[in-house]
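Since the structure comes first, as structure tokens, the remarks are kept for the end.
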Amino acid sequence: MRLVRGAVVRRRRRHGLREALDRGARLTLSDGASRTAVVVVNWNRADLTTRSVRAVLDDGAADEVIVVDNGSTDDSVAVLRRDLPDATVLARDTNGGFAAGANAGIRHADADVVVLLNNDAEPAPGFVAALRDHLDAAPADVAAVTGRIVLAGRWTRLQSAAPAPTGRALRDHDGHLWVPSPDGEVRLNSTGVRVDRDGNGMDRDWFAPADRVADRAVFGFSGGASALRRAALDDVGLLDESLFMYYEDTELAWRLRRRGWRVEYVGDAVVQHDHSASSGVRSDLFVFRNARNRIVVALWHAPWSTVLRASTRTLVRGLRGLAAGSTRQEARLVLAALADVTGHLPAHLAHRLRQSRLASVPRSGVDPSA
């Protein structure tokens, strides 16, 4: 029975990927392209990672595929080395978060273009080539390109009067609840990252129709489906490992932007994503790190007005949660995140000053106001 269910799920996934490709994706391979490495980080989910990496290997566009096991406590390393003989598997002793894992893969890669791919994302055919070819053809000041991430499965929006769902549900930017449904619609997860006036880094086009045509210019890239130019990383550095997890891609996008680099969106590079299959969308780790890192990244890079709004909203959210009672655990985590930032405020302010000094020195040949 499990085998039958698995076959049905795989057929639905392939159908979803084909739908996403049919809605505007045109895949192009080019000769003489930049040497490209794909980096995938694993932590205790060799099953997801194997599925993702096999799709990359089968596609054949990557010159090198690197899997970084981020200190898994299960048999992931043995499974990955057994099931992915054509990939390089690096085993870290400890879990340093996504940034540390991704950085280990980037450092190991011998490539001019490095593709970051979430282990819970299944790439469509041509994903790697689309990112690489766009970056090869782009102006020299384009540091990164971000792909079109489609939510796995189909989704139906609940009516406002409908009872609260007992199973899995996700909320769009307008506050509407969506639930998995065989008769629902294919929806977008991301066409890149945008940052609002409160410092929130969020997926652009979250839950928009899958055929949405997005602007090429975008603030930042998604660390789950993107390609980075090695020259840009040499200029600004790698992902900040102190963030551990969440906002590390937004923070790097801030650094790139402040140094005169740009990020572009590539609609032809499609992946299907099991949203938060690895860590859980409302896990304690997510709530704490998301709240903390939002303020930290704003404090390092954003205008002071944004820092003030981000901090104030976090405090209000925590206090309201304590008063509500039903969300006390989440409220405690949010307030703990704010306390953590406050406790390390001198170090964060020193970091902000260093970043401002670096940003004030423009790169040769690049207009920082572009």
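So you can find residues: chains in the structure tokens are A, B, ... in the order shown, residues in each start at 1, and ligands are numbered from 1 in order.
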
Wanna dump the segment 214-236 of chain A-segment 193-198 of chain A contacts at 6 Å for me, each residue with its shortest atom pair and the distance in Å to one decimal, counting only C-alpha atoms, ordered by chain and number, as a tab-separated table?
residue	atom	partner	partner_atom	distance
A:Phe219	CA	A:Arg194	CA	5.4
A:Gly220	CA	A:Val193	CA	4.7
A:Phe221	CA	A:Val193	CA	5.6

What's around segment 111-116 of chain A at 7 Å? Count only C-alpha atoms, leave out sequence neighbours fewer than 3 positions away in its own chain, and write the answer as an mmCIF file with all heavy atoms, in the first residue's frame.
data_model
loop_
_atom_site.group_PDB
_atom_site.id
_atom_site.type_symbol
_atom_site.label_atom_id
_atom_site.label_comp_id
_atom_site.auth_asym_id
_atom_site.auth_seq_id
_atom_site.Cartn_x
_atom_site.Cartn_y
_atom_site.Cartn_z
ATOM 1 N N SER A 34 29.883 28.687 -17.562
ATOM 2 C CA SER A 34 30.724 28.706 -16.366
ATOM 3 C C SER A 34 30.650 27.367 -15.638
ATOM 4 O O SER A 34 29.603 26.704 -15.606
ATOM 5 C CB SER A 34 30.253 29.810 -15.415
ATOM 6 O OG SER A 34 30.461 31.085 -15.966
ATOM 7 N N ARG A 35 31.765 26.996 -15.050
ATOM 8 C CA ARG A 35 31.777 25.783 -14.238
ATOM 9 C C ARG A 35 30.857 26.006 -13.041
ATOM 10 O O ARG A 35 30.950 27.020 -12.339
ATOM 11 C CB ARG A 35 33.198 25.468 -13.782
ATOM 12 C CG ARG A 35 33.295 24.209 -12.924
ATOM 13 C CD ARG A 35 34.720 23.798 -12.655
ATOM 14 N NE ARG A 35 34.765 22.699 -11.705
ATOM 15 C CZ ARG A 35 34.571 21.417 -12.000
ATOM 16 N NH1 ARG A 35 34.327 21.101 -13.262
ATOM 17 N NH2 ARG A 35 34.613 20.475 -11.082
ATOM 18 N N THR A 36 29.961 25.035 -12.804
ATOM 19 C CA THR A 36 28.886 25.220 -11.830
ATOM 20 C C THR A 36 28.846 24.082 -10.829
ATOM 21 O O THR A 36 28.902 22.898 -11.204
ATOM 22 C CB THR A 36 27.525 25.309 -12.558
ATOM 23 O OG1 THR A 36 27.582 26.385 -13.497
ATOM 24 C CG2 THR A 36 26.396 25.562 -11.578
ATOM 25 N N ALA A 37 28.747 24.444 -9.566
ATOM 26 C CA ALA A 37 28.604 23.458 -8.489
ATOM 27 C C ALA A 37 27.267 23.665 -7.801
ATOM 28 O O ALA A 37 26.807 24.798 -7.635
ATOM 29 C CB ALA A 37 29.737 23.591 -7.478
ATOM 30 N N VAL A 38 26.636 22.574 -7.395
ATOM 31 C CA VAL A 38 25.382 22.623 -6.639
ATOM 32 C C VAL A 38 25.668 22.155 -5.220
ATOM 33 O O VAL A 38 26.309 21.120 -5.009
ATOM 34 C CB VAL A 38 24.301 21.731 -7.272
ATOM 35 C CG1 VAL A 38 23.026 21.741 -6.435
ATOM 36 C CG2 VAL A 38 24.008 22.186 -8.695
ATOM 37 N N VAL A 39 25.202 22.945 -4.240
ATOM 38 C CA VAL A 39 25.408 22.631 -2.826
ATOM 39 C C VAL A 39 24.060 22.370 -2.172
ATOM 40 O O VAL A 39 23.143 23.197 -2.262
ATOM 41 C CB VAL A 39 26.135 23.779 -2.104
ATOM 42 C CG1 VAL A 39 26.218 23.507 -0.595
ATOM 43 C CG2 VAL A 39 27.528 23.979 -2.689
ATOM 44 N N VAL A 40 23.930 21.218 -1.506
ATOM 45 C CA VAL A 40 22.713 20.850 -0.783
ATOM 46 C C VAL A 40 23.116 20.483 0.646
ATOM 47 O O VAL A 40 24.048 19.712 0.852
ATOM 48 C CB VAL A 40 22.002 19.653 -1.450
ATOM 49 C CG1 VAL A 40 20.719 19.307 -0.687
ATOM 50 C CG2 VAL A 40 21.698 19.946 -2.915
ATOM 51 N N ILE A 106 30.308 25.658 -0.289
ATOM 52 C CA ILE A 106 30.820 26.701 -1.174
ATOM 53 C C ILE A 106 32.344 26.705 -1.159
ATOM 54 O O ILE A 106 32.995 26.829 -2.203
ATOM 55 C CB ILE A 106 30.267 28.075 -0.753
ATOM 56 C CG1 ILE A 106 28.760 28.134 -0.978
ATOM 57 C CG2 ILE A 106 30.952 29.202 -1.529
ATOM 58 C CD1 ILE A 106 28.095 29.367 -0.373
ATOM 59 N N ARG A 132 22.411 29.159 -14.274
ATOM 60 C CA ARG A 132 23.781 29.390 -14.752
ATOM 61 C C ARG A 132 23.804 30.227 -16.022
ATOM 62 O O ARG A 132 24.572 31.196 -16.132
ATOM 63 C CB ARG A 132 24.450 28.040 -15.021
ATOM 64 C CG ARG A 132 25.861 28.108 -15.575
ATOM 65 C CD ARG A 132 26.217 26.808 -16.254
ATOM 66 N NE ARG A 132 25.362 26.564 -17.407
ATOM 67 C CZ ARG A 132 25.108 25.348 -17.899
ATOM 68 N NH1 ARG A 132 25.612 24.268 -17.318
ATOM 69 N NH2 ARG A 132 24.332 25.214 -18.955
ATOM 70 N N GLY A 223 17.769 31.394 -0.477
ATOM 71 C CA GLY A 223 18.839 30.429 -0.280
ATOM 72 C C GLY A 223 18.457 29.017 -0.656
ATOM 73 O O GLY A 223 19.321 28.135 -0.725
ATOM 74 N N GLY A 224 17.174 28.783 -0.938
ATOM 75 C CA GLY A 224 16.728 27.441 -1.281
ATOM 76 C C GLY A 224 16.743 27.128 -2.754
ATOM 77 O O GLY A 224 16.595 25.963 -3.140
ATOM 78 N N ALA A 225 16.939 28.151 -3.615
ATOM 79 C CA ALA A 225 16.923 27.905 -5.068
ATOM 80 C C ALA A 225 17.548 29.105 -5.769
ATOM 81 O O ALA A 225 16.845 29.966 -6.287
ATOM 82 C CB ALA A 225 15.501 27.670 -5.562
ATOM 83 N N SER A 226 18.858 29.166 -5.772
ATOM 84 C CA SER A 226 19.533 30.344 -6.326
ATOM 85 C C SER A 226 20.940 29.982 -6.779
ATOM 86 O O SER A 226 21.449 28.906 -6.471
ATOM 87 C CB SER A 226 19.604 31.457 -5.270
ATOM 88 O OG SER A 226 20.243 30.971 -4.098
ATOM 89 N N ALA A 227 21.541 30.910 -7.516
ATOM 90 C CA ALA A 227 22.926 30.756 -7.954
ATOM 91 C C ALA A 227 23.687 32.027 -7.637
ATOM 92 O O ALA A 227 23.182 33.133 -7.836
ATOM 93 C CB ALA A 227 22.992 30.454 -9.451
ATOM 94 N N LEU A 228 24.905 31.868 -7.141
ATOM 95 C CA LEU A 228 25.737 32.991 -6.727
ATOM 96 C C LEU A 228 27.015 33.022 -7.547
ATOM 97 O O LEU A 228 27.631 31.983 -7.806
ATOM 98 C CB LEU A 228 26.091 32.868 -5.240
ATOM 99 C CG LEU A 228 24.906 32.830 -4.274
ATOM 100 C CD1 LEU A 228 25.356 32.374 -2.895
ATOM 101 C CD2 LEU A 228 24.258 34.191 -4.193
ATOM 102 N N ARG A 229 27.410 34.221 -7.928
ATOM 103 C CA ARG A 229 28.657 34.397 -8.655
ATOM 104 C C ARG A 229 29.822 34.379 -7.658
ATOM 105 O O ARG A 229 29.824 35.114 -6.668
ATOM 106 C CB ARG A 229 28.627 35.733 -9.402
ATOM 107 C CG ARG A 229 29.573 35.826 -10.573
ATOM 108 C CD ARG A 229 29.613 37.226 -11.144
ATOM 109 N NE ARG A 229 28.395 37.671 -11.786
ATOM 110 C CZ ARG A 229 28.082 37.458 -13.062
ATOM 111 N NH1 ARG A 229 28.910 36.759 -13.822
ATOM 112 N NH2 ARG A 229 26.963 37.931 -13.570
ATOM 113 N N ARG A 230 30.821 33.545 -7.935
ATOM 114 C CA ARG A 230 31.957 33.425 -7.020
ATOM 115 C C ARG A 230 32.634 34.779 -6.793
ATOM 116 O O ARG A 230 33.046 35.095 -5.675
ATOM 117 C CB ARG A 230 32.955 32.420 -7.588
ATOM 118 C CG ARG A 230 34.267 32.316 -6.830
ATOM 119 C CD ARG A 230 34.137 31.572 -5.517
ATOM 120 N NE ARG A 230 33.897 30.171 -5.725
ATOM 121 C CZ ARG A 230 33.899 29.256 -4.755
ATOM 122 N NH1 ARG A 230 34.095 29.638 -3.506
ATOM 123 N NH2 ARG A 230 33.656 27.987 -5.006
#

- [ ] Using only C-alpha atoms, determine which residues lie at most 10 Å from segment 356-364 of chain A, disregarding the query and same-chain residues fewer than 6 positions distant; provide the list as a PyMOL selection string.
- [x] chain A and resi 141+235-236+255-261+300-301+350

TODO: Could you tell me, as a PyMOL selection string, which residues of segment 227-256 of chain A DSSP assigns to alpha helix (DSSP H) when given the backbone?
DONE: chain A and resi 230-236+248-256

Can you spit out the residues from that selection as a short mmCIF file (atom, residue, chain, number, x, y, z; two decimals), in the first residue's frame, using all heavy atoms?
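part_30.cif was written with the following content:
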data_model
loop_
_atom_site.label_atom_id
_atom_site.label_comp_id
_atom_site.auth_asym_id
_atom_site.auth_seq_id
_atom_site.Cartn_x
_atom_site.Cartn_y
_atom_site.Cartn_z
N ARG A 230 30.82 33.54 -7.94
CA ARG A 230 31.96 33.42 -7.02
C ARG A 230 32.63 34.78 -6.79
O ARG A 230 33.05 35.09 -5.68
CB ARG A 230 32.96 32.42 -7.59
CG ARG A 230 34.27 32.32 -6.83
CD ARG A 230 34.14 31.57 -5.52
NE ARG A 230 33.90 30.17 -5.73
CZ ARG A 230 33.90 29.26 -4.76
NH1 ARG A 230 34.09 29.64 -3.51
NH2 ARG A 230 33.66 27.99 -5.01
N ALA A 231 32.75 35.60 -7.83
CA ALA A 231 33.41 36.90 -7.70
C ALA A 231 32.69 37.78 -6.69
O ALA A 231 33.32 38.53 -5.94
CB ALA A 231 33.46 37.60 -9.05
N ALA A 232 31.36 37.68 -6.63
CA ALA A 232 30.60 38.48 -5.66
C ALA A 232 30.85 37.99 -4.24
O ALA A 232 30.98 38.80 -3.31
CB ALA A 232 29.11 38.41 -5.99
N LEU A 233 30.91 36.68 -4.06
CA LEU A 233 31.20 36.13 -2.74
C LEU A 233 32.61 36.49 -2.29
O LEU A 233 32.85 36.76 -1.11
CB LEU A 233 31.02 34.61 -2.76
CG LEU A 233 29.58 34.12 -2.98
CD1 LEU A 233 29.56 32.60 -3.12
CD2 LEU A 233 28.66 34.57 -1.86
N ASP A 234 33.55 36.50 -3.22
CA ASP A 234 34.91 36.92 -2.89
C ASP A 234 34.93 38.37 -2.43
O ASP A 234 35.76 38.77 -1.61
CB ASP A 234 35.84 36.75 -4.10
CG ASP A 234 36.11 35.29 -4.43
OD1 ASP A 234 35.88 34.43 -3.56
OD2 ASP A 234 36.54 35.01 -5.56
N ASP A 235 34.00 39.16 -2.94
CA ASP A 235 33.97 40.58 -2.60
C ASP A 235 33.33 40.83 -1.24
O ASP A 235 33.85 41.62 -0.44
CB ASP A 235 33.20 41.35 -3.67
CG ASP A 235 33.12 42.84 -3.37
OD1 ASP A 235 34.18 43.46 -3.18
OD2 ASP A 235 32.01 43.39 -3.33
N VAL A 236 32.21 40.18 -0.94
CA VAL A 236 31.47 40.51 0.29
C VAL A 236 31.55 39.44 1.36
O VAL A 236 31.17 39.67 2.51
CB VAL A 236 29.98 40.79 -0.02
CG1 VAL A 236 29.84 41.89 -1.06
CG2 VAL A 236 29.25 39.52 -0.46
N GLU A 248 19.70 34.34 6.68
CA GLU A 248 21.08 34.39 6.22
C GLU A 248 21.17 34.81 4.75
O GLU A 248 22.10 35.52 4.35
CB GLU A 248 21.80 33.06 6.44
CG GLU A 248 21.23 31.87 5.69
CD GLU A 248 20.01 31.29 6.37
OE1 GLU A 248 20.13 30.72 7.45
OE2 GLU A 248 18.91 31.41 5.76
N ASP A 249 20.18 34.42 3.94
CA ASP A 249 20.19 34.85 2.55
C ASP A 249 19.83 36.33 2.43
O ASP A 249 20.41 37.06 1.62
CB ASP A 249 19.25 33.99 1.69
CG ASP A 249 17.87 33.78 2.30
OD1 ASP A 249 17.58 34.38 3.37
OD2 ASP A 249 17.07 33.02 1.71
N THR A 250 18.88 36.79 3.26
CA THR A 250 18.52 38.21 3.25
C THR A 250 19.70 39.08 3.68
O THR A 250 19.96 40.14 3.10
CB THR A 250 17.31 38.46 4.18
OG1 THR A 250 16.23 37.61 3.79
CG2 THR A 250 16.86 39.91 4.12
N GLU A 251 20.42 38.63 4.69
CA GLU A 251 21.57 39.41 5.18
C GLU A 251 22.65 39.50 4.11
O GLU A 251 23.23 40.58 3.89
CB GLU A 251 22.13 38.76 6.44
CG GLU A 251 23.11 39.62 7.21
CD GLU A 251 24.53 39.58 6.66
OE1 GLU A 251 24.91 38.52 6.10
OE2 GLU A 251 25.26 40.59 6.78
N LEU A 252 22.92 38.40 3.42
CA LEU A 252 23.91 38.45 2.35
C LEU A 252 23.44 39.34 1.21
O LEU A 252 24.24 40.08 0.61
CB LEU A 252 24.19 37.03 1.83
CG LEU A 252 25.22 36.89 0.71
CD1 LEU A 252 26.52 37.59 1.05
CD2 LEU A 252 25.46 35.42 0.38
N ALA A 253 22.14 39.33 0.93
CA ALA A 253 21.60 40.22 -0.10
C ALA A 253 21.80 41.69 0.28
O ALA A 253 22.09 42.53 -0.58
CB ALA A 253 20.12 39.92 -0.33
N TRP A 254 21.63 42.01 1.56
CA TRP A 254 21.90 43.37 2.03
C TRP A 254 23.35 43.76 1.75
O TRP A 254 23.63 44.85 1.24
CB TRP A 254 21.65 43.47 3.53
CG TRP A 254 20.29 43.93 3.95
CD1 TRP A 254 19.32 43.19 4.56
CD2 TRP A 254 19.75 45.26 3.85
NE1 TRP A 254 18.21 43.95 4.83
CE2 TRP A 254 18.44 45.24 4.41
CE3 TRP A 254 20.23 46.46 3.32
CZ2 TRP A 254 17.64 46.37 4.46
CZ3 TRP A 254 19.42 47.59 3.38
CH2 TRP A 254 18.15 47.53 3.94
N ARG A 255 24.29 42.87 2.10
CA ARG A 255 25.70 43.18 1.88
C ARG A 255 26.01 43.37 0.40
O ARG A 255 26.75 44.28 0.01
CB ARG A 255 26.57 42.06 2.45
CG ARG A 255 26.90 42.24 3.92
CD ARG A 255 27.88 41.17 4.38
NE ARG A 255 27.24 39.91 4.64
CZ ARG A 255 27.75 38.72 4.39
NH1 ARG A 255 28.92 38.62 3.77
NH2 ARG A 255 27.10 37.61 4.69
N LEU A 256 25.45 42.49 -0.43
CA LEU A 256 25.67 42.62 -1.87
C LEU A 256 25.14 43.95 -2.40
O LEU A 256 25.82 44.65 -3.15
CB LEU A 256 24.98 41.46 -2.60
CG LEU A 256 25.62 40.08 -2.43
CD1 LEU A 256 24.67 38.99 -2.93
CD2 LEU A 256 26.95 39.98 -3.17
#

Task: Gap from atom CA of Phe244 of chain A to atom CA of Leu135 of chain A - Å, one decimal - done: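 It comes out at 27.4 Å.
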
Task: Atomic separation - atom CA of Arg352 of chain A relative to atom CA of Leu117 of chain A, Å - done: 29.1 Å

Open item on the list: From the options A:Leu238, A:Met245, A:Val67, A:Val179, which residue's atoms come nearest to Pro165 of chain A, counting only C-alpha atoms?
Closed with: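 Comparing A:Leu238, A:Met245, A:Val67, A:Val179 against Pro165 of chain A, the winner is A:Val179.
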
- [ ] Grab the atom CA of Ala91 of chain A to atom CA of Ala121 of chain A distance for me, in Å with one decimal place.
- [x] 20.7 Å

Open item on the list: Just list as JSON, numbers by chain whatever in segment 154-359 of chain A DSSP marks as strand (DSSP E).
Closed with: {"A": [155, 156, 157, 170, 171, 177, 178, 179, 180, 188, 189, 190, 193, 194, 195, 201, 202, 203, 217, 218, 225, 226, 227, 228, 229, 262, 263, 264, 265, 266, 267, 268, 269, 270, 271, 272, 273]}

Task: Nearest to Arg289 of chain A by atom-to-atom distance, counting only C-alpha atoms, from A:Ser242, A:Asn118, A:Gln355, A:Ser222 - done: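 That would be A:Ser242, the residue with the smallest distance to Arg289 of chain A.
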
Task: Counting only C-alpha atoms, the residue of A:Ala210, A:Val271, A:Leu151, A:Val341 that sits nearest Phe127 of chain A - done: A:Val271

Task: Selected residue of minimal separation from Leu335 of chain A among A:Leu319, A:Val213, A:Leu57, A:Leu239, counting only C-alpha atoms - done: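 Between A:Leu319, A:Val213, A:Leu57, A:Leu239, the residue approaching Leu335 of chain A most closely is A:Leu319.
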
Task: Within 12 Å of Leu308 of chain A using only C-alpha atoms, minus same-chain residues under 3 positions, as a ChimeraX atom specification - done: /A:197-199,294-296,298-299,302-305,311-315

Go ahead and dump the residues you just picked, all heavy atoms, as a short mmCIF file (atom, residue, chain, number, x, y, z; two decimals), in the first residue's frame.
data_model
loop_
_atom_site.label_atom_id
_atom_site.label_comp_id
_atom_site.auth_asym_id
_atom_site.auth_seq_id
_atom_site.Cartn_x
_atom_site.Cartn_y
_atom_site.Cartn_z
N ARG A 197 9.10 47.64 5.32
CA ARG A 197 9.53 48.77 6.15
C ARG A 197 9.70 48.37 7.61
O ARG A 197 10.29 49.13 8.41
CB ARG A 197 8.53 49.93 6.03
CG ARG A 197 7.14 49.60 6.49
CD ARG A 197 6.12 50.63 6.00
NE ARG A 197 6.41 51.95 6.51
CZ ARG A 197 5.90 52.44 7.64
NH1 ARG A 197 5.09 51.69 8.37
NH2 ARG A 197 6.20 53.66 8.02
N ASP A 198 9.21 47.18 8.01
CA ASP A 198 9.38 46.69 9.38
C ASP A 198 10.55 45.73 9.50
O ASP A 198 10.74 45.11 10.55
CB ASP A 198 8.11 46.01 9.86
CG ASP A 198 6.93 46.96 9.95
OD1 ASP A 198 7.16 48.13 10.30
OD2 ASP A 198 5.80 46.55 9.64
N GLY A 199 11.31 45.56 8.41
CA GLY A 199 12.47 44.69 8.45
C GLY A 199 12.16 43.24 8.15
O GLY A 199 13.07 42.39 8.20
N ARG A 294 15.50 38.65 12.31
CA ARG A 294 14.87 39.79 11.65
C ARG A 294 15.39 41.10 12.24
O ARG A 294 15.74 42.04 11.53
CB ARG A 294 13.35 39.72 11.78
CG ARG A 294 12.62 40.92 11.21
CD ARG A 294 11.13 40.67 11.18
NE ARG A 294 10.58 40.45 12.50
CZ ARG A 294 10.03 41.40 13.26
NH1 ARG A 294 9.97 42.64 12.82
NH2 ARG A 294 9.53 41.10 14.44
N ILE A 295 15.44 41.16 13.58
CA ILE A 295 15.93 42.37 14.24
C ILE A 295 17.42 42.55 14.02
O ILE A 295 17.90 43.67 13.75
CB ILE A 295 15.62 42.33 15.75
CG1 ILE A 295 14.13 42.16 15.99
CG2 ILE A 295 16.11 43.61 16.44
CD1 ILE A 295 13.77 41.93 17.44
N VAL A 296 18.18 41.47 14.11
CA VAL A 296 19.63 41.54 13.95
C VAL A 296 20.00 42.07 12.57
O VAL A 296 20.84 42.98 12.43
CB VAL A 296 20.27 40.16 14.19
CG1 VAL A 296 21.72 40.15 13.71
CG2 VAL A 296 20.21 39.81 15.67
N ALA A 298 18.17 43.80 10.47
CA ALA A 298 17.78 45.20 10.38
C ALA A 298 18.79 46.09 11.11
O ALA A 298 19.19 47.15 10.62
CB ALA A 298 16.39 45.40 10.96
N LEU A 299 19.22 45.64 12.27
CA LEU A 299 20.18 46.41 13.07
C LEU A 299 21.51 46.55 12.35
O LEU A 299 22.19 47.59 12.45
CB LEU A 299 20.37 45.72 14.43
CG LEU A 299 21.14 46.45 15.52
CD1 LEU A 299 20.56 47.83 15.78
CD2 LEU A 299 21.12 45.62 16.80
N ALA A 302 19.70 48.05 8.02
CA ALA A 302 18.54 48.86 7.64
C ALA A 302 18.57 50.25 8.26
O ALA A 302 19.31 50.50 9.23
CB ALA A 302 17.25 48.14 8.05
N PRO A 303 17.75 51.18 7.74
CA PRO A 303 17.63 52.50 8.39
C PRO A 303 17.15 52.36 9.82
O PRO A 303 16.47 51.40 10.19
CB PRO A 303 16.57 53.21 7.52
CG PRO A 303 16.61 52.50 6.20
CD PRO A 303 16.94 51.08 6.52
N TRP A 304 17.49 53.36 10.66
CA TRP A 304 17.12 53.29 12.07
C TRP A 304 15.62 53.22 12.26
O TRP A 304 15.14 52.61 13.23
CB TRP A 304 17.71 54.48 12.82
CG TRP A 304 19.19 54.36 13.06
CD1 TRP A 304 20.18 55.13 12.53
CD2 TRP A 304 19.83 53.40 13.91
NE1 TRP A 304 21.42 54.70 12.98
CE2 TRP A 304 21.22 53.65 13.84
CE3 TRP A 304 19.38 52.36 14.71
CZ2 TRP A 304 22.16 52.89 14.54
CZ3 TRP A 304 20.31 51.60 15.41
CH2 TRP A 304 21.68 51.87 15.33
N SER A 305 14.86 53.84 11.38
CA SER A 305 13.40 53.78 11.50
C SER A 305 12.90 52.34 11.39
O SER A 305 11.96 51.93 12.08
CB SER A 305 12.73 54.65 10.44
OG SER A 305 13.15 54.26 9.13
N SER A 311 11.84 46.28 16.28
CA SER A 311 11.96 45.99 17.71
C SER A 311 10.63 46.21 18.43
O SER A 311 10.22 45.39 19.27
CB SER A 311 13.03 46.89 18.33
OG SER A 311 14.27 46.70 17.67
N THR A 312 9.95 47.29 18.09
CA THR A 312 8.68 47.60 18.75
C THR A 312 7.62 46.55 18.44
O THR A 312 6.90 46.08 19.34
CB THR A 312 8.18 48.99 18.31
OG1 THR A 312 9.16 49.97 18.63
CG2 THR A 312 6.86 49.33 18.98
N ARG A 313 7.54 46.16 17.19
CA ARG A 313 6.55 45.15 16.80
C ARG A 313 6.83 43.81 17.48
O ARG A 313 5.91 43.08 17.84
CB ARG A 313 6.52 45.00 15.28
CG ARG A 313 5.79 46.15 14.58
CD ARG A 313 5.70 45.90 13.08
NE ARG A 313 4.92 46.94 12.43
CZ ARG A 313 3.60 46.92 12.30
NH1 ARG A 313 2.92 45.90 12.77
NH2 ARG A 313 2.97 47.91 11.69
N THR A 314 8.10 43.48 17.64
CA THR A 314 8.45 42.23 18.31
C THR A 314 8.03 42.27 19.77
O THR A 314 7.48 41.30 20.32
CB THR A 314 9.96 41.97 18.20
OG1 THR A 314 10.32 41.92 16.82
CG2 THR A 314 10.34 40.66 18.87
N LEU A 315 8.28 43.41 20.43
CA LEU A 315 7.89 43.55 21.84
C LEU A 315 6.37 43.46 21.99
O LEU A 315 5.86 42.75 22.86
CB LEU A 315 8.39 44.89 22.37
CG LEU A 315 8.00 45.24 23.81
CD1 LEU A 315 8.54 44.21 24.79
CD2 LEU A 315 8.50 46.63 24.17
#

TODO: Measuring atom to atom with only C-alpha atoms, identify which of A:Thr49, A:Asn200, A:Asn119, A:Ser160 is nearest to Arg81 of chain A.
DONE: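 Using only C-alpha atoms, Arg81 of chain A sits closest to A:Thr49.
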